[in-house]
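S.K.: This is target19.cif, which holds mmCIF, C-alpha atoms, pLDDT in the B column; chains and numbers go by the auth columns:
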```
data_run
#
loop_
_atom_site.group_PDB
_atom_site.id
_atom_site.type_symbol
_atom_site.label_atom_id
_atom_site.label_comp_id
_atom_site.label_asym_id
_atom_site.label_seq_id
_atom_site.Cartn_x
_atom_site.Cartn_y
_atom_site.Cartn_z
_atom_site.B_iso_or_equiv
_atom_site.auth_seq_id
_atom_site.auth_asym_id
ATOM 1 C CA MET A 1 -3.041 -31.904 6.336 91.00 1 A
ATOM 2 C CA LEU A 2 -4.213 -28.490 7.486 95.00 2 A
ATOM 3 C CA SER A 3 -4.267 -28.904 11.268 96.00 3 A
ATOM 4 C CA LYS A 4 -6.936 -27.595 13.622 97.00 4 A
ATOM 5 C CA ASN A 5 -4.393 -25.179 15.089 97.00 5 A
ATOM 6 C CA LYS A 6 -3.569 -23.789 11.649 98.00 6 A
ATOM 7 C CA ILE A 7 -7.287 -23.406 10.867 98.00 7 A
ATOM 8 C CA LYS A 8 -7.815 -21.621 14.179 98.00 8 A
ATOM 9 C CA TYR A 9 -4.864 -19.336 13.438 98.00 9 A
ATOM 10 C CA ILE A 10 -6.198 -18.466 9.973 98.00 10 A
ATOM 11 C CA GLN A 11 -9.627 -17.700 11.408 98.00 11 A
ATOM 12 C CA SER A 12 -8.091 -15.469 14.089 98.00 12 A
ATOM 13 C CA LEU A 13 -6.681 -13.227 11.347 98.00 13 A
ATOM 14 C CA LYS A 14 -10.191 -12.028 10.584 97.00 14 A
ATOM 15 C CA ASP A 15 -9.660 -9.610 13.489 97.00 15 A
ATOM 16 C CA LYS A 16 -7.359 -6.637 13.056 97.00 16 A
ATOM 17 C CA LYS A 17 -5.828 -7.019 16.522 97.00 17 A
ATOM 18 C CA HIS A 18 -4.585 -10.496 15.637 98.00 18 A
ATOM 19 C CA ARG A 19 -3.308 -9.337 12.242 98.00 19 A
ATOM 20 C CA LEU A 20 -1.330 -6.627 14.023 97.00 20 A
ATOM 21 C CA GLU A 21 -0.115 -9.063 16.669 97.00 21 A
ATOM 22 C CA HIS A 22 1.253 -11.532 14.128 98.00 22 A
ATOM 23 C CA GLY A 23 2.031 -9.075 11.327 98.00 23 A
ATOM 24 C CA THR A 24 0.288 -11.352 8.838 98.00 24 A
ATOM 25 C CA PHE A 25 -2.827 -11.484 6.674 98.00 25 A
ATOM 26 C CA VAL A 26 -4.845 -14.033 4.689 98.00 26 A
ATOM 27 C CA ALA A 27 -5.304 -14.321 0.928 97.00 27 A
ATOM 28 C CA GLU A 28 -7.573 -16.854 -0.747 97.00 28 A
ATOM 29 C CA GLY A 29 -7.717 -18.223 -4.283 97.00 29 A
ATOM 30 C CA LYS A 30 -5.096 -19.148 -6.855 96.00 30 A
ATOM 31 C CA LYS A 31 -4.926 -15.719 -8.559 95.00 31 A
ATOM 32 C CA ILE A 32 -4.367 -13.640 -5.422 96.00 32 A
ATOM 33 C CA VAL A 33 -2.040 -16.145 -3.756 97.00 33 A
ATOM 34 C CA SER A 34 0.048 -16.450 -6.952 96.00 34 A
ATOM 35 C CA ASP A 35 0.348 -12.663 -7.316 95.00 35 A
ATOM 36 C CA LEU A 36 1.303 -12.174 -3.681 96.00 36 A
ATOM 37 C CA MET A 37 3.867 -14.975 -3.814 94.00 37 A
ATOM 38 C CA GLU A 38 5.960 -12.705 -6.062 89.00 38 A
ATOM 39 C CA SER A 39 5.861 -9.642 -3.806 90.00 39 A
ATOM 40 C CA CYS A 40 5.253 -10.686 -0.185 94.00 40 A
ATOM 41 C CA LYS A 41 6.982 -13.117 2.125 96.00 41 A
ATOM 42 C CA CYS A 42 4.690 -16.096 2.708 97.00 42 A
ATOM 43 C CA GLN A 43 4.414 -17.748 6.116 98.00 43 A
ATOM 44 C CA PHE A 44 2.584 -20.777 4.778 98.00 44 A
ATOM 45 C CA VAL A 45 0.358 -21.848 1.924 98.00 45 A
ATOM 46 C CA ALA A 46 -2.296 -24.577 2.092 98.00 46 A
ATOM 47 C CA GLY A 47 -4.052 -25.892 -0.970 97.00 47 A
ATOM 48 C CA LEU A 48 -5.283 -28.792 -3.017 97.00 48 A
ATOM 49 C CA PRO A 49 -2.212 -30.768 -4.236 97.00 49 A
ATOM 50 C CA GLU A 50 -3.022 -30.244 -7.916 96.00 50 A
ATOM 51 C CA ILE A 51 -3.370 -26.479 -7.403 96.00 51 A
ATOM 52 C CA LEU A 52 -0.117 -26.192 -5.454 96.00 52 A
ATOM 53 C CA GLU A 53 1.637 -27.763 -8.445 94.00 53 A
ATOM 54 C CA GLU A 54 0.314 -24.978 -10.668 94.00 54 A
ATOM 55 C CA ILE A 55 1.658 -22.129 -8.511 93.00 55 A
ATOM 56 C CA GLU A 56 5.263 -21.389 -9.417 87.00 56 A
ATOM 57 C CA PRO A 57 7.403 -20.558 -7.680 91.00 57 A
ATOM 58 C CA ILE A 58 6.088 -21.225 -4.181 93.00 58 A
ATOM 59 C CA THR A 59 8.371 -19.345 -1.784 93.00 59 A
ATOM 60 C CA ALA A 60 6.423 -20.125 1.394 97.00 60 A
ATOM 61 C CA GLU A 61 8.130 -21.143 4.615 97.00 61 A
ATOM 62 C CA GLU A 62 5.698 -24.083 4.772 97.00 62 A
ATOM 63 C CA ILE A 63 3.629 -25.824 2.106 97.00 63 A
ATOM 64 C CA ILE A 64 0.590 -27.825 3.192 97.00 64 A
ATOM 65 C CA ALA A 65 -1.427 -30.192 1.021 97.00 65 A
ATOM 66 C CA ALA A 66 -5.038 -29.759 2.191 97.00 66 A
ATOM 67 C CA THR A 67 -8.459 -31.177 1.443 97.00 67 A
ATOM 68 C CA THR A 68 -11.481 -29.213 0.269 96.00 68 A
ATOM 69 C CA ASP A 69 -13.130 -29.787 3.654 97.00 69 A
ATOM 70 C CA GLU A 70 -10.106 -28.411 5.531 98.00 70 A
ATOM 71 C CA LEU A 71 -9.948 -25.359 3.275 97.00 71 A
ATOM 72 C CA LYS A 72 -13.677 -24.773 3.760 97.00 72 A
ATOM 73 C CA LYS A 73 -13.223 -24.732 7.547 97.00 73 A
ATOM 74 C CA ALA A 74 -10.375 -22.230 7.285 98.00 74 A
ATOM 75 C CA SER A 75 -11.907 -19.981 4.624 97.00 75 A
ATOM 76 C CA PHE A 76 -13.763 -16.676 5.030 96.00 76 A
ATOM 77 C CA LEU A 77 -15.546 -17.262 1.704 95.00 77 A
ATOM 78 C CA LYS A 78 -18.900 -18.942 1.081 94.00 78 A
ATOM 79 C CA THR A 79 -17.312 -21.312 -1.411 94.00 79 A
ATOM 80 C CA ALA A 80 -14.119 -23.040 -0.345 93.00 80 A
ATOM 81 C CA PRO A 81 -11.063 -21.776 -2.276 96.00 81 A
ATOM 82 C CA SER A 82 -8.536 -24.127 -3.838 97.00 82 A
ATOM 83 C CA VAL A 83 -5.682 -22.489 -1.928 98.00 83 A
ATOM 84 C CA ILE A 84 -5.144 -20.210 1.086 98.00 84 A
ATOM 85 C CA GLY A 85 -1.975 -18.258 1.834 98.00 85 A
ATOM 86 C CA VAL A 86 -0.884 -16.480 5.007 98.00 86 A
ATOM 87 C CA PHE A 87 1.525 -13.656 4.186 98.00 87 A
ATOM 88 C CA TYR A 88 3.629 -11.262 6.235 98.00 88 A
ATOM 89 C CA GLN A 89 2.551 -7.629 6.020 97.00 89 A
ATOM 90 C CA PRO A 90 5.195 -5.768 3.997 93.00 90 A
ATOM 91 C CA GLU A 91 6.826 -2.505 5.068 91.00 91 A
ATOM 92 C CA ASN A 92 5.848 -0.195 2.216 90.00 92 A
ATOM 93 C CA THR A 93 8.129 2.732 1.400 90.00 93 A
ATOM 94 C CA PHE A 94 8.217 5.604 -1.091 90.00 94 A
ATOM 95 C CA SER A 95 10.720 8.186 -2.264 90.00 95 A
ATOM 96 C CA GLU A 96 10.491 11.981 -2.319 89.00 96 A
ATOM 97 C CA LYS A 97 10.865 11.879 -6.104 90.00 97 A
ATOM 98 C CA GLN A 98 7.854 9.574 -6.409 90.00 98 A
ATOM 99 C CA LEU A 99 5.778 11.931 -4.267 91.00 99 A
ATOM 100 C CA LYS A 100 6.552 14.890 -6.509 92.00 100 A
ATOM 101 C CA ASP A 101 6.518 13.257 -9.934 93.00 101 A
ATOM 102 C CA ASP A 102 3.759 10.645 -9.803 95.00 102 A
ATOM 103 C CA LEU A 103 -0.003 10.526 -9.378 97.00 103 A
ATOM 104 C CA HIS A 104 -1.285 9.220 -6.020 97.00 104 A
ATOM 105 C CA LEU A 105 -4.608 8.506 -4.337 98.00 105 A
ATOM 106 C CA VAL A 106 -5.382 9.878 -0.866 98.00 106 A
ATOM 107 C CA LEU A 107 -8.268 8.205 0.974 98.00 107 A
ATOM 108 C CA ASP A 108 -9.933 10.172 3.748 98.00 108 A
ATOM 109 C CA GLY A 109 -11.997 7.875 5.952 97.00 109 A
ATOM 110 C CA ILE A 110 -13.107 5.226 3.452 97.00 110 A
ATOM 111 C CA GLN A 111 -15.046 2.782 5.645 96.00 111 A
ATOM 112 C CA ASP A 112 -16.192 -0.070 3.437 97.00 112 A
ATOM 113 C CA PRO A 113 -13.579 -2.838 2.887 97.00 113 A
ATOM 114 C CA GLY A 114 -15.088 -3.593 -0.521 96.00 114 A
ATOM 115 C CA ASN A 115 -14.735 0.021 -1.642 97.00 115 A
ATOM 116 C CA LEU A 116 -11.121 0.106 -0.488 98.00 116 A
ATOM 117 C CA GLY A 117 -10.311 -3.138 -2.289 98.00 117 A
ATOM 118 C CA THR A 118 -11.943 -1.895 -5.478 98.00 118 A
ATOM 119 C CA ILE A 119 -10.007 1.382 -5.298 98.00 119 A
ATOM 120 C CA VAL A 120 -6.731 -0.537 -4.918 98.00 120 A
ATOM 121 C CA ARG A 121 -7.683 -2.573 -7.991 97.00 121 A
ATOM 122 C CA LEU A 122 -8.445 0.640 -9.902 98.00 122 A
ATOM 123 C CA ALA A 123 -5.116 2.138 -8.854 98.00 123 A
ATOM 124 C CA ASP A 124 -3.355 -0.932 -10.199 97.00 124 A
ATOM 125 C CA TRP A 125 -5.211 -0.658 -13.521 97.00 125 A
ATOM 126 C CA PHE A 126 -4.351 3.024 -13.938 97.00 126 A
ATOM 127 C CA GLY A 127 -0.702 2.693 -12.905 97.00 127 A
ATOM 128 C CA ILE A 128 -0.996 4.387 -9.512 97.00 128 A
ATOM 129 C CA GLU A 129 1.532 2.712 -7.222 96.00 129 A
ATOM 130 C CA HIS A 130 0.906 4.460 -3.896 97.00 130 A
ATOM 131 C CA ILE A 131 -2.253 5.117 -1.881 98.00 131 A
ATOM 132 C CA PHE A 132 -2.150 7.202 1.307 98.00 132 A
ATOM 133 C CA CYS A 133 -4.931 6.578 3.845 98.00 133 A
ATOM 134 C CA SER A 134 -6.164 8.253 7.005 98.00 134 A
ATOM 135 C CA PRO A 135 -5.865 6.030 10.101 97.00 135 A
ATOM 136 C CA ASP A 136 -9.668 5.559 10.173 97.00 136 A
ATOM 137 C CA THR A 137 -9.779 4.177 6.632 98.00 137 A
ATOM 138 C CA ALA A 138 -10.646 0.465 6.404 98.00 138 A
ATOM 139 C CA ASP A 139 -7.737 -1.928 6.945 98.00 139 A
ATOM 140 C CA ILE A 140 -6.085 -3.017 3.705 98.00 140 A
ATOM 141 C CA TYR A 141 -5.452 -6.462 5.250 98.00 141 A
ATOM 142 C CA ASN A 142 -9.086 -7.095 6.132 98.00 142 A
ATOM 143 C CA PRO A 143 -9.933 -10.392 4.331 97.00 143 A
ATOM 144 C CA LYS A 144 -12.796 -8.686 2.441 97.00 144 A
ATOM 145 C CA THR A 145 -10.461 -5.936 1.258 98.00 145 A
ATOM 146 C CA VAL A 146 -7.755 -8.383 0.184 97.00 146 A
ATOM 147 C CA GLN A 147 -10.264 -10.376 -1.881 96.00 147 A
ATOM 148 C CA ALA A 148 -11.725 -7.220 -3.452 96.00 148 A
ATOM 149 C CA THR A 149 -8.296 -6.169 -4.740 96.00 149 A
ATOM 150 C CA MET A 150 -8.204 -9.282 -6.965 95.00 150 A
ATOM 151 C CA GLY A 151 -4.429 -9.466 -6.591 94.00 151 A
ATOM 152 C CA ALA A 152 -3.730 -5.732 -6.988 96.00 152 A
ATOM 153 C CA ILE A 153 -2.583 -5.629 -3.356 96.00 153 A
ATOM 154 C CA ALA A 154 0.592 -7.312 -4.615 95.00 154 A
ATOM 155 C CA ARG A 155 1.520 -4.259 -6.690 96.00 155 A
ATOM 156 C CA VAL A 156 -0.086 -1.208 -5.037 97.00 156 A
ATOM 157 C CA LYS A 157 1.511 0.069 -1.828 97.00 157 A
ATOM 158 C CA VAL A 158 -0.947 1.325 0.811 97.00 158 A
ATOM 159 C CA HIS A 159 0.247 3.666 3.573 97.00 159 A
ATOM 160 C CA TYR A 160 -1.607 4.859 6.698 97.00 160 A
ATOM 161 C CA THR A 161 -0.719 8.307 7.996 97.00 161 A
ATOM 162 C CA ASP A 162 -2.059 11.575 9.399 97.00 162 A
ATOM 163 C CA LEU A 163 -3.246 13.112 6.126 97.00 163 A
ATOM 164 C CA THR A 164 -3.212 16.706 7.388 97.00 164 A
ATOM 165 C CA ASP A 165 0.464 16.511 8.346 97.00 165 A
ATOM 166 C CA PHE A 166 1.299 14.500 5.229 96.00 166 A
ATOM 167 C CA LEU A 167 -0.241 16.984 2.790 96.00 167 A
ATOM 168 C CA LYS A 168 1.219 19.987 4.639 96.00 168 A
ATOM 169 C CA LYS A 169 4.689 18.469 4.287 94.00 169 A
ATOM 170 C CA ASN A 170 4.192 18.172 0.531 92.00 170 A
ATOM 171 C CA THR A 171 2.824 21.607 -0.311 88.00 171 A
ATOM 172 C CA GLY A 172 4.643 21.688 -3.646 88.00 172 A
ATOM 173 C CA VAL A 173 2.445 18.906 -5.029 94.00 173 A
ATOM 174 C CA PRO A 174 -1.049 19.765 -6.346 96.00 174 A
ATOM 175 C CA VAL A 175 -3.942 18.331 -4.332 97.00 175 A
ATOM 176 C CA TYR A 176 -7.212 17.489 -6.089 97.00 176 A
ATOM 177 C CA GLY A 177 -10.630 16.772 -4.610 96.00 177 A
ATOM 178 C CA THR A 178 -14.196 16.536 -5.914 93.00 178 A
ATOM 179 C CA PHE A 179 -16.717 19.176 -4.832 92.00 179 A
ATOM 180 C CA LEU A 180 -20.083 20.377 -6.152 88.00 180 A
ATOM 181 C CA GLU A 181 -18.568 23.829 -6.695 91.00 181 A
ATOM 182 C CA GLY A 182 -15.504 22.404 -8.437 94.00 182 A
ATOM 183 C CA GLU A 183 -14.314 22.789 -12.016 96.00 183 A
ATOM 184 C CA ASN A 184 -15.734 20.399 -14.627 96.00 184 A
ATOM 185 C CA ILE A 185 -13.247 17.519 -14.718 96.00 185 A
ATOM 186 C CA TYR A 186 -13.803 17.011 -18.456 95.00 186 A
ATOM 187 C CA THR A 187 -12.623 20.511 -19.346 94.00 187 A
ATOM 188 C CA ALA A 188 -10.074 21.110 -16.561 94.00 188 A
ATOM 189 C CA GLU A 189 -6.329 20.894 -17.158 93.00 189 A
ATOM 190 C CA LEU A 190 -5.034 17.746 -15.474 95.00 190 A
ATOM 191 C CA PRO A 191 -1.296 17.039 -15.061 91.00 191 A
ATOM 192 C CA ALA A 192 0.448 13.688 -14.667 92.00 192 A
ATOM 193 C CA ASN A 193 1.277 14.236 -10.990 95.00 193 A
ATOM 194 C CA GLY A 194 -0.484 15.129 -7.765 96.00 194 A
ATOM 195 C CA PHE A 195 -2.643 13.813 -4.929 98.00 195 A
ATOM 196 C CA ILE A 196 -6.260 12.868 -5.662 98.00 196 A
ATOM 197 C CA VAL A 197 -8.291 12.979 -2.431 98.00 197 A
ATOM 198 C CA MET A 198 -11.364 10.751 -2.135 97.00 198 A
ATOM 199 C CA GLY A 199 -13.616 11.244 0.884 96.00 199 A
ATOM 200 C CA ASN A 200 -15.775 9.171 3.205 95.00 200 A
ATOM 201 C CA GLU A 201 -18.796 7.406 1.681 93.00 201 A
ATOM 202 C CA GLY A 202 -21.313 9.468 3.655 91.00 202 A
ATOM 203 C CA ASN A 203 -19.526 12.662 4.675 92.00 203 A
ATOM 204 C CA GLY A 204 -17.072 13.298 1.862 93.00 204 A
ATOM 205 C CA ILE A 205 -13.723 14.981 2.492 96.00 205 A
ATOM 206 C CA ARG A 206 -13.415 16.317 6.054 95.00 206 A
ATOM 207 C CA ALA A 207 -13.010 20.068 6.562 96.00 207 A
ATOM 208 C CA GLU A 208 -9.339 20.105 7.585 97.00 208 A
ATOM 209 C CA ILE A 209 -8.395 18.122 4.470 97.00 209 A
ATOM 210 C CA SER A 210 -10.642 20.233 2.208 96.00 210 A
ATOM 211 C CA GLU A 211 -8.634 23.308 3.240 96.00 211 A
ATOM 212 C CA LEU A 212 -5.519 21.699 1.763 97.00 212 A
ATOM 213 C CA VAL A 213 -7.103 20.927 -1.620 97.00 213 A
ATOM 214 C CA THR A 214 -5.553 23.227 -4.224 96.00 214 A
ATOM 215 C CA ARG A 215 -7.759 22.237 -7.179 96.00 215 A
ATOM 216 C CA LYS A 216 -11.459 21.478 -6.777 97.00 216 A
ATOM 217 C CA LEU A 217 -12.992 19.258 -9.439 96.00 217 A
ATOM 218 C CA PHE A 218 -16.554 18.240 -10.238 94.00 218 A
ATOM 219 C CA ILE A 219 -17.906 15.186 -12.068 94.00 219 A
ATOM 220 C CA PRO A 220 -21.012 16.513 -13.871 91.00 220 A
ATOM 221 C CA ASN A 221 -24.118 14.415 -14.363 88.00 221 A
ATOM 222 C CA TYR A 222 -25.801 14.130 -17.731 85.00 222 A
ATOM 223 C CA PRO A 223 -27.719 15.931 -18.987 77.00 223 A
ATOM 224 C CA ALA A 224 -26.982 19.065 -16.980 76.00 224 A
ATOM 225 C CA GLY A 225 -29.843 20.157 -14.754 76.00 225 A
ATOM 226 C CA LYS A 226 -31.620 16.790 -14.745 79.00 226 A
ATOM 227 C CA THR A 227 -32.520 15.294 -11.371 77.00 227 A
ATOM 228 C CA THR A 228 -30.273 12.280 -10.789 77.00 228 A
ATOM 229 C CA SER A 229 -28.772 10.264 -7.949 79.00 229 A
ATOM 230 C CA GLU A 230 -27.397 12.424 -5.153 75.00 230 A
ATOM 231 C CA SER A 231 -23.842 11.172 -5.591 79.00 231 A
ATOM 232 C CA LEU A 232 -21.611 8.470 -7.041 89.00 232 A
ATOM 233 C CA ASN A 233 -20.233 5.550 -5.074 93.00 233 A
ATOM 234 C CA VAL A 234 -16.694 6.484 -4.014 96.00 234 A
ATOM 235 C CA SER A 235 -15.065 3.654 -5.974 96.00 235 A
ATOM 236 C CA VAL A 236 -17.052 4.577 -9.104 96.00 236 A
ATOM 237 C CA ALA A 237 -16.045 8.235 -8.703 96.00 237 A
ATOM 238 C CA THR A 238 -12.426 7.144 -8.298 97.00 238 A
ATOM 239 C CA ALA A 239 -12.640 5.219 -11.566 97.00 239 A
ATOM 240 C CA VAL A 240 -13.989 8.258 -13.428 97.00 240 A
ATOM 241 C CA ILE A 241 -11.326 10.572 -12.010 97.00 241 A
ATOM 242 C CA CYS A 242 -8.382 8.227 -12.581 97.00 242 A
ATOM 243 C CA SER A 243 -9.529 7.520 -16.127 97.00 243 A
ATOM 244 C CA GLU A 244 -9.767 11.218 -16.931 96.00 244 A
ATOM 245 C CA PHE A 245 -6.330 11.991 -15.476 96.00 245 A
ATOM 246 C CA ARG A 246 -4.719 9.161 -17.438 95.00 246 A
ATOM 247 C CA ARG A 247 -6.582 10.044 -20.659 93.00 247 A
ATOM 248 C CA ARG A 248 -4.664 13.329 -20.824 86.00 248 A
ATOM 249 C CA ILE A 249 -1.226 11.682 -20.920 80.00 249 A
#
```
So, in terms of structure tokens, how does the structure I just supplied come out?

M.R.:
Amino acid sequence: MLSKNKIKYIQSLKDKKHRLEHGTFVAEGKKIVSDLMESCKCQFVAGLPEILEEIEPITAEEIIAATTDELKKASFLKTAPSVIGVFYQPENTFSEKQLKDDLHLVLDGIQDPGNLGTIVRLADWFGIEHIFCSPDTADIYNPKTVQATMGAIARVKVHYTDLTDFLKKNTGVPVYGTFLEGENIYTAELPANGFIVMGNEGNGIRAEISELVTRKLFIPNYPAGKTTSESLNVSVATAVICSEFRRRI
């Protein structure tokens, strides 16, 4: 059974301070738990017996057969999942060669956990393995973010760092950002490497980061000159930009 103490522990991981204290995070649902089982060390997994039999291999330190009622009490979701996993937060690394040769996302103050999770999922789809985030970006291990990644968190490595220092240390790599005065993304030359900076939902890219952008891009509306929405949602804009970069390869 899934004990009251285990349920209390799972629920405590809703708060970032407890996730940091234990170095763990929660994933819910067969798809996400199965994907993470291949890439992250699992502290324990609790699920319906028939679902646990379908997840192979289970590498958890502890396997718990649970009831739907127990899973409902432990879950952060409206509908009880068939399985819940508690995983250790991995130590993500990258090489200097990857920084120079590959395409990366840089997130400057993304606040919404759902937007962050969606961006991680987009990165996975477009073969972007590393995302670099400002310290004030939403926590990748927030339960809402984890769920929004739909398992992509198992393959995309997310790093938190001082973006100003990080970009200054990598001045040989082109830095892209979207601005109203930027070059039309559909006609601009786009290479296979570089940093793509996406800014805060309300304020965009902050001034000190904007100064480090070497190529300004613009996603035009259609038709030109027509009054439209003021801006695109940051995850939607990320999808457009990543698609256009990858289309050129």

S.K.: At what distance in Å, to one decimal, does CA of Glu96 (chain A) lie from CA of Asn170 (chain A)?

M.R.: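 Those two atoms sit 9.3 Å apart.
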
S.K.: Given the file above and the PyMOL selection byres ((chain A and resi 208) around 12), which residues are selected, and can you give them as a list in words?

M.R.: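 Output from the PyMOL selection byres ((chain A and resi 208) around 12), applied to this file: Asp108, Asp162, Leu163, Thr164, Asp165, Leu167, Lys168, Gly199, Gly204, Ile205, Arg206, Ala207, Ile209, Ser210, Glu211, Leu212 and Val213 of chain A.
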
S.K.: Tell me which residues the PyMOL selection byres ((chain A and resi 72) around 12) grabs here, as a CSV table (one decimal) with C-alpha atoms, keeping the file's coordinate frame.

M.R.:
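Okay, this is what ended up in selection_0.csv:
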```csv
chain,number,residue,atom,x,y,z
A,2,LEU,CA,-4.2,-28.5,7.5
A,7,ILE,CA,-7.3,-23.4,10.9
A,10,ILE,CA,-6.2,-18.5,10.0
A,11,GLN,CA,-9.6,-17.7,11.4
A,28,GLU,CA,-7.6,-16.9,-0.7
A,29,GLY,CA,-7.7,-18.2,-4.3
A,46,ALA,CA,-2.3,-24.6,2.1
A,47,GLY,CA,-4.1,-25.9,-1.0
A,48,LEU,CA,-5.3,-28.8,-3.0
A,66,ALA,CA,-5.0,-29.8,2.2
A,67,THR,CA,-8.5,-31.2,1.4
A,68,THR,CA,-11.5,-29.2,0.3
A,69,ASP,CA,-13.1,-29.8,3.7
A,70,GLU,CA,-10.1,-28.4,5.5
A,71,LEU,CA,-9.9,-25.4,3.3
A,73,LYS,CA,-13.2,-24.7,7.5
A,74,ALA,CA,-10.4,-22.2,7.3
A,75,SER,CA,-11.9,-20.0,4.6
A,76,PHE,CA,-13.8,-16.7,5.0
A,77,LEU,CA,-15.5,-17.3,1.7
A,78,LYS,CA,-18.9,-18.9,1.1
A,79,THR,CA,-17.3,-21.3,-1.4
A,80,ALA,CA,-14.1,-23.0,-0.3
A,81,PRO,CA,-11.1,-21.8,-2.3
A,82,SER,CA,-8.5,-24.1,-3.8
A,83,VAL,CA,-5.7,-22.5,-1.9
A,84,ILE,CA,-5.1,-20.2,1.1
```

S.K.: Record the distance separating CA of Leu20 (chain A) and CA of Glu62 (chain A), expressed in Å with one decimal.

M.R.: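 According to the coordinates, CA of Leu20 (chain A) and CA of Glu62 (chain A) are separated by 21.0 Å.
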
S.K.: Determine the residue membership of the PyMOL selection byres ((chain A and resi 32) around 9) for the file above and supply it as an MDAnalysis selection string.

M.R.: chainID A and resid 27:31 33:37 85 146:147 149:154

S.K.: Hey, can you spit out that residue selection with C-alpha atoms as a PDB file, in the coordinates of the input?

M.R.:
```pdb
ATOM      1  CA  ALA A  27      -5.304 -14.321   0.928  1.00 97.00           C
ATOM      2  CA  GLU A  28      -7.573 -16.854  -0.747  1.00 97.00           C
ATOM      3  CA  GLY A  29      -7.717 -18.223  -4.283  1.00 97.00           C
ATOM      4  CA  LYS A  30      -5.096 -19.148  -6.855  1.00 96.00           C
ATOM      5  CA  LYS A  31      -4.926 -15.719  -8.559  1.00 95.00           C
ATOM      6  CA  VAL A  33      -2.040 -16.145  -3.756  1.00 97.00           C
ATOM      7  CA  SER A  34       0.048 -16.450  -6.952  1.00 96.00           C
ATOM      8  CA  ASP A  35       0.348 -12.663  -7.316  1.00 95.00           C
ATOM      9  CA  LEU A  36       1.303 -12.174  -3.681  1.00 96.00           C
ATOM     10  CA  MET A  37       3.867 -14.975  -3.814  1.00 94.00           C
ATOM     11  CA  GLY A  85      -1.975 -18.258   1.834  1.00 98.00           C
ATOM     12  CA  VAL A 146      -7.755  -8.383   0.184  1.00 97.00           C
ATOM     13  CA  GLN A 147     -10.264 -10.376  -1.881  1.00 96.00           C
ATOM     14  CA  THR A 149      -8.296  -6.169  -4.740  1.00 96.00           C
ATOM     15  CA  MET A 150      -8.204  -9.282  -6.965  1.00 95.00           C
ATOM     16  CA  GLY A 151      -4.429  -9.466  -6.591  1.00 94.00           C
ATOM     17  CA  ALA A 152      -3.730  -5.732  -6.988  1.00 96.00           C
ATOM     18  CA  ILE A 153      -2.583  -5.629  -3.356  1.00 96.00           C
ATOM     19  CA  ALA A 154       0.592  -7.312  -4.615  1.00 95.00           C
TER      20      ALA A 154
END
```

S.K.: Which distance in Å separates CA of Ser3 (chain A) and CA of Glu61 (chain A), to one decimal?

M.R.: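 According to the coordinates, CA of Ser3 (chain A) and CA of Glu61 (chain A) are separated by 16.1 Å.
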
S.K.: Which polymer residues have any atom within 12 Å of an atom of Ser231 (chain A), counting only C-alpha atoms, with same-chain residues fewer than 6 positions away left out, as a list in words?

M.R.: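 So, after excluding close chain neighbours, the residues are Thr178, Phe179, Leu180, Glu201, Gly202, Asn203, Gly204, Phe218, Ile219, Pro220, Asn221 and Ala237 of chain A.
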
S.K.: Once you add 6 Å to each side, what are the centre and edge lengths of the axis-aligned box holding all listed atoms of region 177-192 of chain A? One decimal in Å, as AutoDock Vina command-line options, if you can.

M.R.:
```
--center_x -9.8 --center_y 18.8 --center_z -12.0 --size_x 32.5 --size_y 22.1 --size_z 26.7
```

S.K.: If you count only C-alpha atoms, which residues fall within 10 Å of Thr145 (chain A), apart from same-chain ones fewer than 4 positions away, as an NGL selection string?

M.R.: :A and (27 or 112-120 or 138-141 or 149-150 or 153)

S.K.: May I ask which of the residues A:Asn200, A:Pro135, A:Leu122, A:Ala224 is the closest one to Ala239 (chain A), counting all atoms listed in the file?

M.R.: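 Among the listed residues, A:Leu122 lies closest to Ala239 (chain A).
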
S.K.: Here is a test: counting all atoms listed in the file, which residue of A:Arg248, A:Lys4, A:Lys16, A:His130 is nearest to Ser95 (chain A)?

M.R.: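 Smallest distance to Ser95 (chain A) is found for A:His130.
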